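Next up, final-v1.pdb (PDB, C-alpha atoms, pLDDT in the B column):
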ATOM      1  CA  MET D 269      84.668 -53.166  17.326  1.00 62.00           C
ATOM      2  CA  ARG D 270      83.980 -49.554  18.291  1.00 62.00           C
ATOM      3  CA  ILE D 271      84.000 -48.470  14.660  1.00 64.00           C
ATOM      4  CA  ARG D 272      81.435 -51.111  13.782  1.00 58.00           C
ATOM      5  CA  MET D 273      79.179 -50.071  16.693  1.00 52.00           C
ATOM      6  CA  PHE D 274      79.526 -46.412  15.702  1.00 50.00           C
ATOM      7  CA  SER D 275      78.697 -47.265  12.086  1.00 54.00           C
ATOM      8  CA  MET D 276      75.614 -49.227  13.165  1.00 55.00           C
ATOM      9  CA  ALA D 277      74.429 -46.308  15.318  1.00 57.00           C
ATOM     10  CA  VAL D 278      74.867 -43.842  12.437  1.00 56.00           C
ATOM     11  CA  LEU D 279      73.063 -46.202  10.073  1.00 56.00           C
ATOM     12  CA  ALA D 280      70.177 -46.566  12.537  1.00 59.00           C
ATOM     13  CA  LEU D 281      69.889 -42.766  12.815  1.00 57.00           C
ATOM     14  CA  LEU D 282      69.856 -42.347   9.034  1.00 56.00           C
ATOM     15  CA  VAL D 283      67.184 -44.993   8.559  1.00 52.00           C
ATOM     16  CA  SER D 284      64.958 -43.567  11.302  1.00 53.00           C
ATOM     17  CA  ALA D 285      65.381 -40.008   9.991  1.00 51.00           C
ATOM     18  CA  GLY D 286      63.857 -41.071   6.693  1.00 49.00           C
ATOM     19  CA  THR D 287      60.684 -42.259   8.391  1.00 47.00           C
ATOM     20  CA  THR D 288      59.938 -39.156  10.447  1.00 48.00           C
ATOM     21  CA  PHE D 289      57.151 -36.889   9.315  1.00 54.00           C
ATOM     22  CA  GLY D 290      57.184 -33.096   9.217  1.00 58.00           C
ATOM     23  CA  GLN D 291      54.614 -30.986  10.973  1.00 68.00           C
ATOM     24  CA  GLU D 292      51.536 -30.153   8.931  1.00 74.00           C
ATOM     25  CA  VAL D 293      51.443 -26.437   8.048  1.00 89.00           C
ATOM     26  CA  THR D 294      48.266 -26.294   5.989  1.00 96.00           C
ATOM     27  CA  GLY D 295      44.523 -26.595   6.479  1.00 97.00           C
ATOM     28  CA  THR D 296      41.429 -27.864   4.699  1.00 98.00           C
ATOM     29  CA  ILE D 297      38.086 -26.373   3.731  1.00 98.00           C
ATOM     30  CA  ALA D 298      35.338 -28.860   2.891  1.00 98.00           C
ATOM     31  CA  GLY D 299      31.585 -28.836   2.716  1.00 98.00           C
ATOM     32  CA  ASN D 300      28.367 -29.451   0.859  1.00 98.00           C
ATOM     33  CA  VAL D 301      26.635 -27.436  -1.832  1.00 98.00           C
ATOM     34  CA  LEU D 302      22.876 -27.935  -1.557  1.00 98.00           C
ATOM     35  CA  ASP D 303      19.730 -26.586  -3.159  1.00 97.00           C
ATOM     36  CA  LYS D 304      16.789 -25.236  -1.110  1.00 97.00           C
ATOM     37  CA  SER D 305      15.311 -28.746  -0.796  1.00 97.00           C
ATOM     38  CA  GLY D 306      18.545 -30.063   0.744  1.00 97.00           C
ATOM     39  CA  ALA D 307      19.646 -32.061  -2.290  1.00 98.00           C
ATOM     40  CA  GLY D 308      23.304 -31.948  -3.299  1.00 98.00           C
ATOM     41  CA  VAL D 309      24.192 -29.834  -6.333  1.00 98.00           C
ATOM     42  CA  PRO D 310      26.555 -31.859  -8.551  1.00 98.00           C
ATOM     43  CA  ASN D 311      29.272 -30.292 -10.717  1.00 98.00           C
ATOM     44  CA  ALA D 312      29.041 -26.865  -9.065  1.00 98.00           C
ATOM     45  CA  SER D 313      32.203 -24.804  -9.506  1.00 98.00           C
ATOM     46  CA  VAL D 314      33.948 -24.032  -6.205  1.00 98.00           C
ATOM     47  CA  THR D 315      36.700 -21.396  -6.174  1.00 98.00           C
ATOM     48  CA  VAL D 316      38.911 -20.958  -3.105  1.00 98.00           C
ATOM     49  CA  THR D 317      40.663 -17.579  -3.019  1.00 98.00           C
ATOM     50  CA  ASN D 318      43.348 -16.472  -0.571  1.00 98.00           C
ATOM     51  CA  THR D 319      42.180 -12.934   0.202  1.00 98.00           C
ATOM     52  CA  ASP D 320      45.458 -11.982   1.898  1.00 97.00           C
ATOM     53  CA  GLN D 321      47.249 -12.352  -1.445  1.00 96.00           C
ATOM     54  CA  ASN D 322      44.191 -11.983  -3.718  1.00 97.00           C
ATOM     55  CA  ILE D 323      44.998 -15.205  -5.597  1.00 97.00           C
ATOM     56  CA  VAL D 324      42.906 -18.217  -6.489  1.00 98.00           C
ATOM     57  CA  ILE D 325      44.389 -21.217  -4.693  1.00 97.00           C
ATOM     58  CA  ARG D 326      42.049 -23.917  -5.952  1.00 97.00           C
ATOM     59  CA  THR D 327      39.158 -24.375  -8.375  1.00 98.00           C
ATOM     60  CA  LEU D 328      37.226 -27.637  -8.232  1.00 98.00           C
ATOM     61  CA  GLU D 329      33.826 -29.181  -8.886  1.00 98.00           C
ATOM     62  CA  THR D 330      31.433 -30.739  -6.422  1.00 98.00           C
ATOM     63  CA  SER D 331      30.832 -34.479  -6.466  1.00 98.00           C
ATOM     64  CA  ASP D 332      27.568 -36.050  -7.612  1.00 98.00           C
ATOM     65  CA  ARG D 333      26.340 -35.531  -4.014  1.00 98.00           C
ATOM     66  CA  GLY D 334      27.387 -31.867  -3.886  1.00 98.00           C
ATOM     67  CA  GLU D 335      30.497 -32.405  -1.742  1.00 98.00           C
ATOM     68  CA  TYR D 336      33.828 -30.615  -2.146  1.00 98.00           C
ATOM     69  CA  VAL D 337      37.209 -30.712  -0.393  1.00 98.00           C
ATOM     70  CA  ALA D 338      40.056 -28.212  -0.785  1.00 98.00           C
ATOM     71  CA  THR D 339      43.168 -29.577   0.924  1.00 97.00           C
ATOM     72  CA  PHE D 340      46.680 -28.262   1.580  1.00 97.00           C
ATOM     73  CA  LEU D 341      45.610 -24.629   1.912  1.00 98.00           C
ATOM     74  CA  PRO D 342      48.302 -22.342   3.320  1.00 97.00           C
ATOM     75  CA  VAL D 343      47.414 -20.494   6.525  1.00 97.00           C
ATOM     76  CA  GLY D 344      45.497 -17.304   5.771  1.00 97.00           C
ATOM     77  CA  HIS D 345      42.147 -15.678   5.057  1.00 98.00           C
ATOM     78  CA  TYR D 346      39.908 -17.139   2.359  1.00 98.00           C
ATOM     79  CA  ALA D 347      36.768 -16.576   0.352  1.00 98.00           C
ATOM     80  CA  VAL D 348      34.894 -19.508  -1.171  1.00 98.00           C
ATOM     81  CA  THR D 349      32.725 -18.867  -4.234  1.00 98.00           C
ATOM     82  CA  VAL D 350      30.182 -21.348  -5.597  1.00 98.00           C
ATOM     83  CA  GLU D 351      28.581 -21.159  -9.025  1.00 98.00           C
ATOM     84  CA  ALA D 352      26.165 -23.627 -10.616  1.00 98.00           C
ATOM     85  CA  LYS D 353      23.956 -23.475 -13.673  1.00 97.00           C
ATOM     86  CA  GLY D 354      20.445 -22.352 -12.722  1.00 97.00           C
ATOM     87  CA  PHE D 355      21.555 -20.925  -9.341  1.00 98.00           C
ATOM     88  CA  LYS D 356      22.747 -17.557  -8.052  1.00 98.00           C
ATOM     89  CA  LYS D 357      26.481 -17.165  -7.423  1.00 98.00           C
ATOM     90  CA  THR D 358      27.228 -17.415  -3.679  1.00 98.00           C
ATOM     91  CA  ILE D 359      30.311 -16.219  -1.787  1.00 98.00           C
ATOM     92  CA  GLN D 360      31.408 -16.754   1.817  1.00 98.00           C
ATOM     93  CA  THR D 361      34.230 -14.497   2.988  1.00 98.00           C
ATOM     94  CA  GLY D 362      36.255 -14.049   6.163  1.00 98.00           C
ATOM     95  CA  ILE D 363      37.213 -17.714   6.450  1.00 98.00           C
ATOM     96  CA  MET D 364      40.398 -18.062   8.523  1.00 98.00           C
ATOM     97  CA  VAL D 365      42.488 -21.185   7.936  1.00 98.00           C
ATOM     98  CA  ASN D 366      45.026 -22.052  10.632  1.00 97.00           C
ATOM     99  CA  VAL D 367      47.503 -24.921  10.862  1.00 96.00           C
ATOM    100  CA  ASN D 368      45.752 -28.322  10.781  1.00 96.00           C
ATOM    101  CA  ASP D 369      42.277 -26.755  10.472  1.00 97.00           C
ATOM    102  CA  LYS D 370      39.573 -28.896   8.916  1.00 98.00           C
ATOM    103  CA  LEU D 371      36.849 -26.324   8.361  1.00 98.00           C
ATOM    104  CA  THR D 372      33.339 -27.045   7.124  1.00 98.00           C
ATOM    105  CA  VAL D 373      31.810 -24.397   4.878  1.00 98.00           C
ATOM    106  CA  ASN D 374      28.400 -25.403   3.522  1.00 98.00           C
ATOM    107  CA  PHE D 375      26.311 -23.582   0.920  1.00 98.00           C
ATOM    108  CA  THR D 376      22.599 -23.514   0.155  1.00 98.00           C
ATOM    109  CA  LEU D 377      22.076 -22.076  -3.314  1.00 98.00           C
ATOM    110  CA  GLU D 378      19.134 -19.991  -4.433  1.00 97.00           C
ATOM    111  CA  VAL D 379      17.536 -20.506  -7.810  1.00 95.00           C
ATOM    112  CA  GLY D 380      18.432 -17.671 -10.129  1.00 88.00           C
TER
END

Would you give me this structure, written as structure tokens?
Amino acid sequence: MRIRMFSMAVLALLVSAGTTFGQEVTGTIAGNVLDKSGAGVPNASVTVTNTDQNIVIRTLETSDRGEYVATFLPVGHYAVTVEAKGFKKTIQTGIMVNVNDKLTVNFTLEVG
């Protein structure tokens, strides 16, 4: 009887261990890319660079409304660069991502 109870307890621990979730250790940078009139700029290229390591972490395009989201970014310092046809290249630097951050970094592009 004791062996069966012990086995059931071990089984319960194993099953519950599989459903636990680890702590989040990354952050997110999201935002909008707009023109001077406030309209979203679709298909703009957004490059997220970890400046601590000088490596590009993510390159993506904005949605049809000018929105972008870069998820699962390791903790560190970042620069976000936006380029779109007909507009000047824009860079924001000194962005610090901490654990569980959900930062908003918006851009307003100048014609160029």

List the residues selected by the PyMOL selection byres ((chain D and resi 300-310) around 7) in the file shown, writing them as a list in words.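 Applying the PyMOL selection byres ((chain D and resi 300-310) around 7) to the structure shown produces Gly299, Asn311, Ala312, Thr330, Ser331, Asp332, Arg333, Gly334, Glu335, Tyr336, Asn374, Phe375, Thr376, Leu377 and Glu378 of chain D.
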
Go through the shown structure with the PyMOL selection byres ((chain D and resi 317) around 10) and write out the matching residues as a ChimeraX atom specification. /D:314-316,318-327,341,345-349,361

One decimal, in Å: what's the spacing between atom CA of D:Phe340 and atom CA of D:Lys357?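 Atom-to-atom, atom CA of D:Phe340 to atom CA of D:Lys357, that is 24.7 Å.
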
Using all atoms listed in the file, which of D:Met364, D:Val337, D:Leu371, D:Val379 sits nearest D:Ala352?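 Going through D:Met364, D:Val337, D:Leu371, D:Val379 one by one, the smallest distance to D:Ala352 is for D:Val379.
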
For D:Val293, work out the shell of residues within 12 Å, counting all atoms listed in the file and skipping chain neighbours fewer than 3 positions away, then give it as an MDAnalysis selection string. chainID D and resid 289:290 296 339:344 365:369

Can you measure atom CA of D:Glu351 to atom CA of D:Ser313 for me? One decimal in Å is fine.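 Atom CA of D:Glu351 sits 5.2 Å away from atom CA of D:Ser313.
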